Amino acid sequence: MADIFRKLAAVVLVAGLTFAGASVLSAQSQDSSEVVGTVVQFSSEKTSVDVTIGADTPAVRDFLSMLPLTIDFKEYAGREKIGYLPRKLKLEDTPGSDPEDGDLIYFVPWGNLGFYYNASGTAFSKQTPHIGKYDASAEELKKLEGSVTIDVVR
């Protein structure tokens with residue numbers, strides 16, 4: 001009789017763990033789909049720039065967890081607009097990227113975000129994880145200066 005109870009307990013335990021595992025996987029998939037496609041708006045006094053999140057990475061999740069946030073942006077080297085985050089992002093297994101015009105990246109060594117508009121000559125680097133894509137014109141991006149508020153809009 002005790003043997004039957006042990007077998008029954010084992011079956012119930014396995015079934016419970018299987019169900020719990022499926023629930024965790026489902027929750028992770030759902031979380032991933034909620035991150036990808038998220039639109040983050042960067043707003044200054046003169047303009048706003050929308051960024052669409054394209055990948056679910058530890059760096060992106062950490063960035064989103066900081067919002068809403070206000071930081072200063074400035075022109076840098078005729079290639080990008082940059083703004084320094086209040087702390088470095090958690091990277092874990094976040095891949096690097098090959099920045100292109102229209103990319104918002106995170107520059108690991110300095111802890112800043114960068115809106116690339118002249119990425120010619122840049123190459124793949126583990127130091128530039130991709131955060132998202134922006135759809136602003138060059139003129140709109142020029143106006144993104146000084147105090148910029150960053151928040152999720154959808």
# chains A, B, ... in the order shown; residues from 1 in each chain; ligands from 1
$ residues_around --residues "Asp62 of chain A" --least-positions-apart "4" --cutoff "10 Å" --atoms "only C-alpha atoms" --output "PyMOL selection string"
chain A and resi 57-58+66-67+88-91
$ write_last_selection --atoms "N, CA and C atoms" --output "PDB file, in the first residue's frame"
ATOM      1  N   THR A  57      16.575  41.681 -24.612  1.00  0.00           N
ATOM      2  CA  THR A  57      17.892  41.366 -24.052  1.00  0.00           C
ATOM      3  C   THR A  57      17.943  41.873 -22.612  1.00  0.00           C
ATOM      4  N   PRO A  58      18.887  41.376 -21.826  1.00  0.00           N
ATOM      5  CA  PRO A  58      19.024  41.897 -20.461  1.00  0.00           C
ATOM      6  C   PRO A  58      19.261  43.411 -20.431  1.00  0.00           C
ATOM      7  N   MET A  66      14.313  51.441 -15.909  1.00  0.00           N
ATOM      8  CA  MET A  66      14.694  52.764 -15.398  1.00  0.00           C
ATOM      9  C   MET A  66      13.648  53.838 -15.704  1.00  0.00           C
ATOM     10  N   LEU A  67      12.748  53.549 -16.629  1.00  0.00           N
ATOM     11  CA  LEU A  67      11.833  54.579 -17.126  1.00  0.00           C
ATOM     12  C   LEU A  67      10.646  54.784 -16.199  1.00  0.00           C
ATOM     13  N   LYS A  88      25.206  52.098 -15.084  1.00  0.00           N
ATOM     14  CA  LYS A  88      25.471  51.175 -16.198  1.00  0.00           C
ATOM     15  C   LYS A  88      24.367  50.126 -16.280  1.00  0.00           C
ATOM     16  N   LEU A  89      24.079  49.691 -17.500  1.00  0.00           N
ATOM     17  CA  LEU A  89      23.068  48.654 -17.710  1.00  0.00           C
ATOM     18  C   LEU A  89      23.621  47.280 -17.380  1.00  0.00           C
ATOM     19  N   LYS A  90      22.741  46.405 -16.938  1.00  0.00           N
ATOM     20  CA  LYS A  90      23.095  44.998 -16.713  1.00  0.00           C
ATOM     21  C   LYS A  90      23.121  44.325 -18.078  1.00  0.00           C
ATOM     22  N   LEU A  91      24.229  43.720 -18.427  1.00  0.00           N
ATOM     23  CA  LEU A  91      24.399  43.175 -19.771  1.00  0.00           C
ATOM     24  C   LEU A  91      24.194  41.671 -19.860  1.00  0.00           C
TER      25      LEU A  91
END
$ residues_around --residues "segment 42-51 of chain A" --least-positions-apart "6" --cutoff "7 Å" --atoms "only C-alpha atoms" --output "PyMOL selection string"
chain A and resi 132-136+140+143-145+147-151
$ atom_distance --atom1 "atom CA of Ile131 of chain A" --atom2 "atom CA of Val60 of chain A"
5.8 Å
$ select_by_dssp --residues "segment 47-77 of chain A" --states "alpha helix (DSSP H)" --output "compact mmCIF listing (two decimals) with C-alpha atoms, in the first residue's frame"
# COMPACT_ATOMS: atom_id res chain seq x y z
CA PRO A 58 19.02 41.90 -20.46
CA ALA A 59 20.30 45.38 -21.40
CA VAL A 60 16.97 46.36 -22.97
CA ARG A 61 15.01 45.07 -19.97
CA ASP A 62 17.29 46.95 -17.58
CA PHE A 63 16.94 50.14 -19.64
CA LEU A 64 13.14 49.84 -19.64
CA SER A 65 13.14 49.28 -15.88
$ residues_around --residues "Pro86 of chain A" --least-positions-apart "5" --cutoff "10 Å" --atoms "only C-alpha atoms" --output "list in words"
Met66, Leu69, Thr70, Ile71, Gly111 and Asn112 of chain A
$ write_last_selection --atoms "C-alpha atoms" --output "PDB file, in the first residue's frame"
ATOM      1  CA  MET A  66      14.694  52.764 -15.398  1.00  0.00           C
ATOM      2  CA  LEU A  69      13.865  59.027 -16.756  1.00  0.00           C
ATOM      3  CA  THR A  70      15.277  62.457 -17.654  1.00  0.00           C
ATOM      4  CA  ILE A  71      18.874  62.807 -18.872  1.00  0.00           C
ATOM      5  CA  GLY A 111      27.474  54.013 -19.986  1.00  0.00           C
ATOM      6  CA  ASN A 112      25.702  56.220 -22.518  1.00  0.00           C
TER       7      ASN A 112
END
$ select_by_dssp --residues "segment 44-140 of chain A" --states "strand (DSSP E)" --output "PyMOL selection string"
chain A and resi 48-53+69-76+80-84+103-107+112-116+130-134
